[in-house]
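What follows is a short report on a single structure.
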Amino acid sequence: MDYGLIGEKLGHSYSKIIHEQIADYQYEIHPLSKEEFPIFMKEKNFKAINVTIPYKRDVIPYLDVIDKKAKKIGAVNTIVNDNGKLTGYNTDYDGFYYTLVENQIHVKEKKVLVLGNGGAALAVLAVLNTLDAGQILIVKYKEEDGCITYEEAKQQHFDASIIINTTPVGMYPNCDISPIDLTPYQNLEAVVDVIYNPLTTKLLAQAMKQQIKAVNGLWMLVAQAKYAVEHFKDCKLSDELIHPIYNKVEALLKK
């Protein structure tokens with residue numbers, strides 16, 4: 001494999017379509033079981049790859065170099081193989097930053113609830129800190145250091161301005177569930193869901209019904225792919241590429 005995506009379950013991925021719109025290479029979707037993953041990483045039989053759930057942290061020990069930003073985040077979603085030397089980057093950060101700016105979501109000094117604390121959440125938290133968000137709270141189902149429960153969020157943080165879902169709850173094919181009920185949150189300005197399939201998750205549908213700005217994960221997916229290609233091919237690409245590809249994939253997802 002020259003270029004592609006690794007992860008555990010990749011049946012829903014649109015990354016191939018996106019990458020092949022941006023660049024002139026074939027991009028493979030390469031699912032790996034927990035047993036296959038270490039063998040694949042040791043063999044290094046690729047030019048450059050993207051990494052998704054659940055391996056964004058697991059790849060780090062296999063890297064020779066880790067980009068400063070990715071190191072700070074603690075997760076890697078892009079790896080370039082330069083004659084056997086593996087360098088890791090995090091373009092989820094760039095993709096999420098682009099998403100907020102493009103959709104005019106202003107987090108400065110706002111209270112933000114981040115649902116989940118996996119690999120995607122790490123990039124989201126880094127962006128929120130860069131943009132000087134006010135109080136940032138990680139919400140999880142079970143009690144954990146540095147996190148609050150959904151019950152605590154509802155009881156004590158109903159004044160949150162922005163909710164960001166980084167969990168897979170509501171993703172295809174389990175579309176009829178939502179990670180949180182928005183009813184108690186009367187101060188909401190925006191809800192962002194990093195899920196892109198379906199385009200309108202149950203969570204975003206509720207936000208729209210309550211006339212709250214609702215943004216799906218397709219912006220992040222397309223933007224992070226553009227930034228990944230820049231590392232893959234060692235080039236600079238215009239952000240103007242993002243819109244037409246977003247529109248193309250959005251049309252496919254609506255079919």
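We label chains A, B, ... in the order they appear in the structure tokens, count residues from 1 in each chain, and number ligands from 1 in the order shown.
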
Determine, counting only C-alpha atoms, which protein, DNA and RNA residues have an atom within 9 Å of an atom of segment 69-79 of chain A; residues of the same chain fewer than 4 positions away are not included. Present the result as a short mmCIF file (atom, residue, chain, number, x, y, z; two decimals) with all heavy atoms, in the first residue's frame.
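Ended up saving to around.cif:
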data_model
loop_
_atom_site.label_atom_id
_atom_site.label_comp_id
_atom_site.auth_asym_id
_atom_site.auth_seq_id
_atom_site.Cartn_x
_atom_site.Cartn_y
_atom_site.Cartn_z
N LYS A 47 3.82 4.41 2.03
CA LYS A 47 4.51 5.71 1.85
C LYS A 47 3.99 6.72 2.87
O LYS A 47 4.76 7.47 3.47
CB LYS A 47 4.28 6.24 0.43
CG LYS A 47 5.09 5.52 -0.63
CD LYS A 47 4.86 6.16 -1.99
CE LYS A 47 5.63 5.40 -3.08
NZ LYS A 47 5.27 5.89 -4.43
N ALA A 48 2.65 6.75 3.02
CA ALA A 48 2.04 7.66 4.00
C ALA A 48 0.63 7.15 4.30
O ALA A 48 -0.06 6.65 3.41
CB ALA A 48 1.99 9.08 3.46
N ILE A 49 0.22 7.30 5.56
CA ILE A 49 -1.12 6.82 5.95
C ILE A 49 -1.81 7.81 6.88
O ILE A 49 -1.16 8.61 7.55
CB ILE A 49 -1.06 5.45 6.68
CG1 ILE A 49 -0.05 5.46 7.84
CG2 ILE A 49 -0.77 4.32 5.70
CD1 ILE A 49 -0.13 4.27 8.79
N ASN A 50 -3.13 7.70 6.88
CA ASN A 50 -3.93 8.33 7.92
C ASN A 50 -4.32 7.26 8.93
O ASN A 50 -4.38 6.07 8.60
CB ASN A 50 -5.19 8.98 7.35
CG ASN A 50 -4.88 10.23 6.55
OD1 ASN A 50 -5.23 10.33 5.39
ND2 ASN A 50 -4.23 11.19 7.18
N VAL A 51 -4.60 7.70 10.15
CA VAL A 51 -4.91 6.78 11.25
C VAL A 51 -6.21 7.22 11.89
O VAL A 51 -6.40 8.41 12.17
CB VAL A 51 -3.79 6.81 12.32
CG1 VAL A 51 -4.08 5.80 13.43
CG2 VAL A 51 -2.43 6.55 11.69
N THR A 52 -7.12 6.26 12.11
CA THR A 52 -8.37 6.60 12.80
C THR A 52 -8.62 5.63 13.95
O THR A 52 -7.75 4.82 14.30
CB THR A 52 -9.55 6.69 11.79
OG1 THR A 52 -10.67 7.28 12.47
CG2 THR A 52 -9.92 5.35 11.21
N TYR A 55 -6.59 3.77 16.84
CA TYR A 55 -5.12 3.69 16.84
C TYR A 55 -4.37 5.03 16.90
O TYR A 55 -3.16 5.06 16.75
CB TYR A 55 -4.64 2.90 15.62
CG TYR A 55 -5.20 1.49 15.55
CD1 TYR A 55 -5.83 1.02 14.39
CD2 TYR A 55 -5.12 0.64 16.64
CE1 TYR A 55 -6.35 -0.27 14.32
CE2 TYR A 55 -5.64 -0.66 16.59
CZ TYR A 55 -6.25 -1.10 15.42
OH TYR A 55 -6.77 -2.38 15.36
N LYS A 56 -5.08 6.14 17.13
CA LYS A 56 -4.43 7.45 17.08
C LYS A 56 -3.37 7.65 18.16
O LYS A 56 -2.44 8.43 17.98
CB LYS A 56 -5.46 8.58 17.14
CG LYS A 56 -6.29 8.69 15.87
CD LYS A 56 -7.28 9.83 15.93
CE LYS A 56 -8.18 9.82 14.70
NZ LYS A 56 -9.08 10.97 14.67
N ARG A 57 -3.54 6.97 19.28
CA ARG A 57 -2.50 7.03 20.32
C ARG A 57 -1.55 5.84 20.20
O ARG A 57 -0.36 5.94 20.48
CB ARG A 57 -3.14 7.01 21.72
CG ARG A 57 -3.98 8.25 22.01
CD ARG A 57 -4.45 8.25 23.45
NE ARG A 57 -5.88 8.49 23.55
CZ ARG A 57 -6.47 9.03 24.59
NH1 ARG A 57 -5.77 9.39 25.64
NH2 ARG A 57 -7.77 9.20 24.62
N ASP A 58 -2.10 4.70 19.77
CA ASP A 58 -1.32 3.46 19.69
C ASP A 58 -0.16 3.53 18.70
O ASP A 58 0.81 2.77 18.82
CB ASP A 58 -2.23 2.28 19.31
CG ASP A 58 -3.31 2.01 20.35
OD1 ASP A 58 -3.27 2.67 21.42
OD2 ASP A 58 -4.19 1.17 20.12
N VAL A 59 -0.26 4.40 17.69
CA VAL A 59 0.82 4.47 16.68
C VAL A 59 2.07 5.17 17.21
O VAL A 59 3.17 4.97 16.69
CB VAL A 59 0.36 5.21 15.39
CG1 VAL A 59 -0.70 4.42 14.66
CG2 VAL A 59 -0.09 6.63 15.67
N ILE A 60 1.92 5.96 18.27
CA ILE A 60 3.02 6.82 18.72
C ILE A 60 4.32 6.06 19.02
O ILE A 60 5.39 6.49 18.59
CB ILE A 60 2.56 7.72 19.90
CG1 ILE A 60 1.54 8.75 19.36
CG2 ILE A 60 3.74 8.44 20.56
CD1 ILE A 60 0.85 9.60 20.42
N LEU A 63 6.75 5.55 16.03
CA LEU A 63 7.26 6.70 15.28
C LEU A 63 8.71 7.02 15.64
O LEU A 63 9.12 6.88 16.79
CB LEU A 63 6.39 7.93 15.55
CG LEU A 63 4.89 7.79 15.24
CD1 LEU A 63 4.15 9.04 15.67
CD2 LEU A 63 4.67 7.51 13.76
N LEU A 86 9.63 7.02 10.27
CA LEU A 86 8.22 7.41 10.38
C LEU A 86 8.05 8.71 11.17
O LEU A 86 8.53 8.83 12.30
CB LEU A 86 7.40 6.30 11.06
CG LEU A 86 7.41 4.91 10.41
CD1 LEU A 86 6.46 3.98 11.16
CD2 LEU A 86 7.05 4.97 8.93
N THR A 87 7.34 9.67 10.54
CA THR A 87 7.05 10.95 11.21
C THR A 87 5.54 11.10 11.36
O THR A 87 4.79 10.91 10.39
CB THR A 87 7.62 12.13 10.40
OG1 THR A 87 9.03 11.93 10.23
CG2 THR A 87 7.40 13.45 11.11
N GLY A 88 5.11 11.46 12.57
CA GLY A 88 3.69 11.58 12.86
C GLY A 88 3.24 13.03 13.00
O GLY A 88 3.95 13.87 13.57
N TYR A 89 2.03 13.31 12.48
CA TYR A 89 1.42 14.64 12.55
C TYR A 89 -0.02 14.51 13.03
O TYR A 89 -0.58 13.42 13.05
CB TYR A 89 1.40 15.30 11.16
CG TYR A 89 2.75 15.40 10.49
CD1 TYR A 89 3.20 14.39 9.64
CD2 TYR A 89 3.56 16.51 10.68
CE1 TYR A 89 4.45 14.48 9.02
CE2 TYR A 89 4.81 16.61 10.06
CZ TYR A 89 5.24 15.60 9.23
OH TYR A 89 6.46 15.69 8.62
N ASN A 90 -0.63 15.64 13.37
CA ASN A 90 -2.05 15.64 13.70
C ASN A 90 -2.77 16.69 12.86
O ASN A 90 -2.67 17.89 13.14
CB ASN A 90 -2.28 15.91 15.19
CG ASN A 90 -3.72 15.67 15.59
OD1 ASN A 90 -4.63 16.25 15.03
ND2 ASN A 90 -3.94 14.81 16.57
N THR A 91 -3.46 16.24 11.82
CA THR A 91 -4.21 17.19 10.98
C THR A 91 -5.67 17.29 11.41
O THR A 91 -6.41 18.11 10.88
CB THR A 91 -4.12 16.83 9.47
OG1 THR A 91 -4.80 15.60 9.23
CG2 THR A 91 -2.68 16.74 9.00
N ASP A 92 -6.09 16.46 12.39
CA ASP A 92 -7.42 16.65 12.99
C ASP A 92 -7.50 18.05 13.61
O ASP A 92 -8.53 18.72 13.55
CB ASP A 92 -7.68 15.62 14.09
CG ASP A 92 -8.04 14.25 13.56
OD1 ASP A 92 -8.53 14.17 12.41
OD2 ASP A 92 -7.85 13.26 14.27
N TYR A 93 -6.39 18.45 14.21
CA TYR A 93 -6.30 19.79 14.82
C TYR A 93 -6.63 20.86 13.76
O TYR A 93 -7.49 21.71 13.95
CB TYR A 93 -4.89 20.02 15.39
CG TYR A 93 -4.66 21.42 15.92
CD1 TYR A 93 -4.82 21.71 17.27
CD2 TYR A 93 -4.29 22.46 15.06
CE1 TYR A 93 -4.62 22.99 17.76
CE2 TYR A 93 -4.09 23.74 15.54
CZ TYR A 93 -4.26 24.00 16.88
OH TYR A 93 -4.08 25.29 17.35
N GLY A 119 -9.18 10.01 20.83
CA GLY A 119 -8.18 10.67 19.98
C GLY A 119 -8.68 11.96 19.33
O GLY A 119 -7.95 12.95 19.27
N ALA A 120 -9.94 11.96 18.87
CA ALA A 120 -10.49 13.17 18.23
C ALA A 120 -10.65 14.28 19.26
O ALA A 120 -10.40 15.46 18.96
CB ALA A 120 -11.82 12.86 17.57
N LEU A 122 -8.82 14.93 21.80
CA LEU A 122 -7.53 15.55 22.12
C LEU A 122 -7.23 16.71 21.16
O LEU A 122 -6.75 17.76 21.58
CB LEU A 122 -6.41 14.51 22.07
CG LEU A 122 -6.49 13.39 23.12
CD1 LEU A 122 -5.40 12.34 22.87
CD2 LEU A 122 -6.36 13.96 24.52
N ALA A 123 -7.52 16.51 19.88
CA ALA A 123 -7.30 17.57 18.89
C ALA A 123 -8.28 18.73 19.12
O ALA A 123 -7.91 19.90 19.05
CB ALA A 123 -7.46 17.02 17.48
N LEU A 125 -9.71 19.62 21.95
CA LEU A 125 -9.31 20.35 23.16
C LEU A 125 -8.14 21.29 22.88
O LEU A 125 -8.11 22.42 23.37
CB LEU A 125 -8.94 19.35 24.27
CG LEU A 125 -10.09 18.52 24.83
CD1 LEU A 125 -9.56 17.36 25.67
CD2 LEU A 125 -11.05 19.37 25.65
N ALA A 126 -7.19 20.82 22.05
CA ALA A 126 -6.04 21.67 21.71
C ALA A 126 -6.48 22.91 20.95
O ALA A 126 -5.98 24.02 21.21
CB ALA A 126 -5.04 20.86 20.88
N ALA A 228 -3.50 16.70 5.43
CA ALA A 228 -2.73 15.44 5.39
C ALA A 228 -2.01 15.29 4.05
O ALA A 228 -0.83 14.89 4.01
CB ALA A 228 -3.65 14.25 5.63
N HIS A 231 1.25 16.99 3.87
CA HIS A 231 2.36 16.21 4.47
C HIS A 231 2.75 15.04 3.57
O HIS A 231 3.94 14.77 3.39
CB HIS A 231 1.95 15.68 5.85
CG HIS A 231 1.79 16.75 6.88
ND1 HIS A 231 2.81 17.61 7.24
CD2 HIS A 231 0.72 17.10 7.65
CE1 HIS A 231 2.40 18.44 8.18
NE2 HIS A 231 1.12 18.15 8.44
N PHE A 232 1.74 14.35 3.03
CA PHE A 232 2.01 13.19 2.17
C PHE A 232 2.92 13.57 0.99
O PHE A 232 3.84 12.85 0.66
CB PHE A 232 0.70 12.64 1.59
CG PHE A 232 -0.15 11.83 2.54
CD1 PHE A 232 0.10 11.79 3.89
CD2 PHE A 232 -1.21 11.09 2.04
CE1 PHE A 232 -0.69 11.04 4.75
CE2 PHE A 232 -2.01 10.32 2.89
CZ PHE A 232 -1.75 10.29 4.25
#

Which residues, written as a PDB file with N, CA, C and O atoms, in the first residue's frame, have at least one atom at most 8 Å from segment 141-156 of chain A, with only C-alpha atoms counted and residues fewer than 6 positions away on the same chain left out?
ATOM      1  N   ILE A 180     -26.505  13.215  24.087  1.00  0.00           N
ATOM      2  CA  ILE A 180     -26.975  14.164  25.105  1.00  0.00           C
ATOM      3  C   ILE A 180     -28.296  14.793  24.665  1.00  0.00           C
ATOM      4  O   ILE A 180     -28.524  14.998  23.473  1.00  0.00           O
ATOM      5  N   PRO A 184     -32.056  20.900  28.464  1.00  0.00           N
ATOM      6  CA  PRO A 184     -31.701  21.747  29.618  1.00  0.00           C
ATOM      7  C   PRO A 184     -30.777  22.921  29.284  1.00  0.00           C
ATOM      8  O   PRO A 184     -30.635  23.849  30.079  1.00  0.00           O
ATOM      9  N   TYR A 185     -30.149  22.878  28.108  1.00  0.00           N
ATOM     10  CA  TYR A 185     -29.102  23.854  27.784  1.00  0.00           C
ATOM     11  C   TYR A 185     -29.695  25.036  27.012  1.00  0.00           C
ATOM     12  O   TYR A 185     -29.766  25.040  25.792  1.00  0.00           O
TER      13      TYR A 185
END

Considering only C-alpha atoms, give me a table of residues in segment 48-131 of chain A that are at most 6 Å from segment 196-220 of chain A, with the closest atom pair and distance in Å for each, as a Markdown table.
| residue | atom | partner | partner_atom | distance |
| --- | --- | --- | --- | --- |
| A:Gly95 | CA | A:Met220 | CA | 4.4 |
| A:Phe96 | CA | A:Met220 | CA | 5.1 |
| A:Thr99 | CA | A:Trp219 | CA | 5.6 |

Problem set entry | Atomic separation - atom CA of Leu188 of chain A relative to atom CA of Gln104 of chain A, Å |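 Taking atom CA of Gln104 of chain A and atom CA of Leu188 of chain A, their separation equals 14.4 Å.
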
For this session: Do a neighbour search on segment 112-114 of chain A at 12 Å with only C-alpha atoms, toss out local chain neighbours closer than 3 positions, and write the hits as JSON, numbers by chain.
Result: {"A": [105, 106, 107, 108, 109, 117, 118, 120, 121, 122, 123, 124, 125, 126, 127, 128, 129, 131, 132, 133, 134, 135, 136, 137, 138, 139, 140, 146, 147, 148, 149, 150, 152, 153, 154, 156, 157, 158, 159, 160, 161, 162, 163, 164, 165, 166, 167, 179, 180, 182, 185, 187, 188, 189, 190, 191, 192, 193, 194]}

Exercise. If you run DSSP on the backbone, which residues of segment 129-190 of chain A are alpha helix (DSSP H), as a ChimeraX atom specification?
Worked result: /A:129-130,150-156

Save out the residues we just selected, all heavy atoms, as a PDB file, in the first residue's frame.
ATOM      1  N   ASN A 129      -8.190  25.377  23.326  1.00  0.00           N
ATOM      2  CA  ASN A 129      -7.188  26.106  24.123  1.00  0.00           C
ATOM      3  C   ASN A 129      -6.490  27.182  23.302  1.00  0.00           C
ATOM      4  O   ASN A 129      -6.274  28.293  23.772  1.00  0.00           O
ATOM      5  CB  ASN A 129      -6.166  25.129  24.718  1.00  0.00           C
ATOM      6  CG  ASN A 129      -6.732  24.403  25.934  1.00  0.00           C
ATOM      7  OD1 ASN A 129      -7.250  25.031  26.851  1.00  0.00           O
ATOM      8  ND2 ASN A 129      -6.651  23.089  25.954  1.00  0.00           N
ATOM      9  N   THR A 130      -6.170  26.860  22.045  1.00  0.00           N
ATOM     10  CA  THR A 130      -5.542  27.838  21.148  1.00  0.00           C
ATOM     11  C   THR A 130      -6.432  29.062  20.966  1.00  0.00           C
ATOM     12  O   THR A 130      -5.954  30.200  20.924  1.00  0.00           O
ATOM     13  CB  THR A 130      -5.263  27.207  19.757  1.00  0.00           C
ATOM     14  OG1 THR A 130      -4.398  26.093  19.921  1.00  0.00           O
ATOM     15  CG2 THR A 130      -4.609  28.196  18.806  1.00  0.00           C
ATOM     16  N   TYR A 150     -22.476  13.127  32.576  1.00  0.00           N
ATOM     17  CA  TYR A 150     -23.577  13.785  31.861  1.00  0.00           C
ATOM     18  C   TYR A 150     -24.570  14.385  32.856  1.00  0.00           C
ATOM     19  O   TYR A 150     -25.148  15.452  32.606  1.00  0.00           O
ATOM     20  CB  TYR A 150     -24.264  12.785  30.922  1.00  0.00           C
ATOM     21  CG  TYR A 150     -23.504  12.586  29.637  1.00  0.00           C
ATOM     22  CD1 TYR A 150     -22.425  11.707  29.559  1.00  0.00           C
ATOM     23  CD2 TYR A 150     -23.830  13.298  28.490  1.00  0.00           C
ATOM     24  CE1 TYR A 150     -21.705  11.541  28.385  1.00  0.00           C
ATOM     25  CE2 TYR A 150     -23.121  13.143  27.309  1.00  0.00           C
ATOM     26  CZ  TYR A 150     -22.057  12.265  27.262  1.00  0.00           C
ATOM     27  OH  TYR A 150     -21.340  12.115  26.101  1.00  0.00           O
ATOM     28  N   GLU A 151     -24.754  13.709  33.978  1.00  0.00           N
ATOM     29  CA  GLU A 151     -25.667  14.204  35.016  1.00  0.00           C
ATOM     30  C   GLU A 151     -25.136  15.514  35.618  1.00  0.00           C
ATOM     31  O   GLU A 151     -25.892  16.482  35.783  1.00  0.00           O
ATOM     32  CB  GLU A 151     -25.846  13.135  36.102  1.00  0.00           C
ATOM     33  CG  GLU A 151     -27.000  13.389  37.056  1.00  0.00           C
ATOM     34  CD  GLU A 151     -28.359  13.560  36.374  1.00  0.00           C
ATOM     35  OE1 GLU A 151     -28.641  12.878  35.357  1.00  0.00           O
ATOM     36  OE2 GLU A 151     -29.143  14.411  36.860  1.00  0.00           O
ATOM     37  N   GLU A 152     -23.849  15.552  35.893  1.00  0.00           N
ATOM     38  CA  GLU A 152     -23.227  16.789  36.411  1.00  0.00           C
ATOM     39  C   GLU A 152     -23.347  17.927  35.397  1.00  0.00           C
ATOM     40  O   GLU A 152     -23.600  19.078  35.767  1.00  0.00           O
ATOM     41  CB  GLU A 152     -21.754  16.549  36.721  1.00  0.00           C
ATOM     42  CG  GLU A 152     -21.476  15.813  38.011  1.00  0.00           C
ATOM     43  CD  GLU A 152     -19.978  15.545  38.173  1.00  0.00           C
ATOM     44  OE1 GLU A 152     -19.271  16.419  38.700  1.00  0.00           O
ATOM     45  OE2 GLU A 152     -19.527  14.458  37.744  1.00  0.00           O
ATOM     46  N   ALA A 153     -23.143  17.591  34.114  1.00  0.00           N
ATOM     47  CA  ALA A 153     -23.247  18.611  33.060  1.00  0.00           C
ATOM     48  C   ALA A 153     -24.643  19.236  33.080  1.00  0.00           C
ATOM     49  O   ALA A 153     -24.796  20.465  33.037  1.00  0.00           O
ATOM     50  CB  ALA A 153     -22.954  17.995  31.695  1.00  0.00           C
ATOM     51  N   LYS A 154     -25.650  18.378  33.172  1.00  0.00           N
ATOM     52  CA  LYS A 154     -27.054  18.833  33.146  1.00  0.00           C
ATOM     53  C   LYS A 154     -27.387  19.676  34.383  1.00  0.00           C
ATOM     54  O   LYS A 154     -28.063  20.696  34.287  1.00  0.00           O
ATOM     55  CB  LYS A 154     -27.970  17.609  33.067  1.00  0.00           C
ATOM     56  CG  LYS A 154     -29.444  17.946  32.890  1.00  0.00           C
ATOM     57  CD  LYS A 154     -30.261  16.714  32.568  1.00  0.00           C
ATOM     58  CE  LYS A 154     -30.418  15.816  33.776  1.00  0.00           C
ATOM     59  NZ  LYS A 154     -31.353  14.687  33.495  1.00  0.00           N
ATOM     60  N   GLN A 155     -26.890  19.221  35.545  1.00  0.00           N
ATOM     61  CA  GLN A 155     -27.233  19.896  36.804  1.00  0.00           C
ATOM     62  C   GLN A 155     -26.461  21.199  37.026  1.00  0.00           C
ATOM     63  O   GLN A 155     -27.012  22.178  37.533  1.00  0.00           O
ATOM     64  CB  GLN A 155     -26.952  18.960  38.004  1.00  0.00           C
ATOM     65  CG  GLN A 155     -27.734  17.662  38.003  1.00  0.00           C
ATOM     66  CD  GLN A 155     -29.236  17.860  38.210  1.00  0.00           C
ATOM     67  OE1 GLN A 155     -29.678  18.891  38.713  1.00  0.00           O
ATOM     68  NE2 GLN A 155     -30.014  16.876  37.787  1.00  0.00           N
ATOM     69  N   GLN A 156     -25.177  21.197  36.613  1.00  0.00           N
ATOM     70  CA  GLN A 156     -24.320  22.334  36.994  1.00  0.00           C
ATOM     71  C   GLN A 156     -23.837  23.192  35.820  1.00  0.00           C
ATOM     72  O   GLN A 156     -23.365  24.314  36.041  1.00  0.00           O
ATOM     73  CB  GLN A 156     -23.089  21.804  37.754  1.00  0.00           C
ATOM     74  CG  GLN A 156     -23.440  21.105  39.055  1.00  0.00           C
ATOM     75  CD  GLN A 156     -22.254  20.317  39.616  1.00  0.00           C
ATOM     76  OE1 GLN A 156     -21.102  20.683  39.407  1.00  0.00           O
ATOM     77  NE2 GLN A 156     -22.544  19.231  40.309  1.00  0.00           N
TER      78      GLN A 156
END

Problem set entry | Selected residue of minimal separation from Glu35 of chain A among A:Val101, A:Glu8, A:Tyr14, A:Ile195, counting only C-alpha atoms |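 Among A:Val101, A:Glu8, A:Tyr14, A:Ile195, it is A:Glu8 that comes nearest to Glu35 of chain A.
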
Exercise. Interatomic distance between atom CA of Leu10 of chain A and atom CA of Ile53 of chain A?
Worked result: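 Atom CA of Ile53 of chain A lies 9.0 Å from atom CA of Leu10 of chain A.
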
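Closest approach to Ile22 of chain A among A:Cys235, A:Val229, A:Val169, A:Val249 is made by A:Val229 (distances from only C-alpha atoms).
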
For this session: May I ask for the distance between atom CA of Pro31 of chain A and atom CA of Gly4 of chain A, given in Å to one decimal place?
Result: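 Spanning atom CA of Pro31 of chain A to atom CA of Gly4 of chain A is a straight-line distance of 10.0 Å.
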
For this session: Excluding Ser33 of chain A and any residue of its chain fewer than 4 positions from it, enumerate the residues within 9 Å of it, using only C-alpha atoms, and give them as number ranges by chain.
Result: A: 7-9, 37

What does the file look like for those residues with all heavy atoms, as a PDB file, in the first residue's frame?
ATOM      1  N   GLY A   7      -7.430   1.709  10.527  1.00  0.00           N
ATOM      2  CA  GLY A   7      -8.340   1.831  11.661  1.00  0.00           C
ATOM      3  C   GLY A   7      -8.941   0.459  11.869  1.00  0.00           C
ATOM      4  O   GLY A   7      -8.640  -0.476  11.116  1.00  0.00           O
ATOM      5  N   GLU A   8      -9.806   0.326  12.862  1.00  0.00           N
ATOM      6  CA  GLU A   8     -10.351  -1.008  13.130  1.00  0.00           C
ATOM      7  C   GLU A   8     -11.559  -1.317  12.256  1.00  0.00           C
ATOM      8  O   GLU A   8     -11.624  -2.350  11.611  1.00  0.00           O
ATOM      9  CB  GLU A   8     -10.710  -1.139  14.616  1.00  0.00           C
ATOM     10  CG  GLU A   8     -10.902  -2.589  15.019  1.00  0.00           C
ATOM     11  CD  GLU A   8     -11.014  -2.770  16.523  1.00  0.00           C
ATOM     12  OE1 GLU A   8     -11.372  -1.812  17.229  1.00  0.00           O
ATOM     13  OE2 GLU A   8     -10.735  -3.885  16.989  1.00  0.00           O
ATOM     14  N   LYS A   9     -12.539  -0.394  12.234  1.00  0.00           N
ATOM     15  CA  LYS A   9     -13.753  -0.623  11.427  1.00  0.00           C
ATOM     16  C   LYS A   9     -13.909   0.548  10.465  1.00  0.00           C
ATOM     17  O   LYS A   9     -14.174   1.669  10.898  1.00  0.00           O
ATOM     18  CB  LYS A   9     -14.976  -0.731  12.334  1.00  0.00           C
ATOM     19  CG  LYS A   9     -14.930  -1.976  13.219  1.00  0.00           C
ATOM     20  CD  LYS A   9     -16.067  -2.012  14.209  1.00  0.00           C
ATOM     21  CE  LYS A   9     -15.917  -3.210  15.131  1.00  0.00           C
ATOM     22  NZ  LYS A   9     -16.370  -2.955  16.475  1.00  0.00           N
ATOM     23  N   PHE A  37      -2.534  -4.886  13.750  1.00  0.00           N
ATOM     24  CA  PHE A  37      -1.990  -3.523  13.836  1.00  0.00           C
ATOM     25  C   PHE A  37      -0.480  -3.465  14.106  1.00  0.00           C
ATOM     26  O   PHE A  37       0.259  -2.827  13.341  1.00  0.00           O
ATOM     27  CB  PHE A  37      -2.783  -2.714  14.886  1.00  0.00           C
ATOM     28  CG  PHE A  37      -2.130  -1.431  15.272  1.00  0.00           C
ATOM     29  CD1 PHE A  37      -2.125  -0.347  14.398  1.00  0.00           C
ATOM     30  CD2 PHE A  37      -1.502  -1.289  16.506  1.00  0.00           C
ATOM     31  CE1 PHE A  37      -1.499   0.847  14.754  1.00  0.00           C
ATOM     32  CE2 PHE A  37      -0.881  -0.102  16.866  1.00  0.00           C
ATOM     33  CZ  PHE A  37      -0.879   0.965  15.993  1.00  0.00           C
TER      34      PHE A  37
END
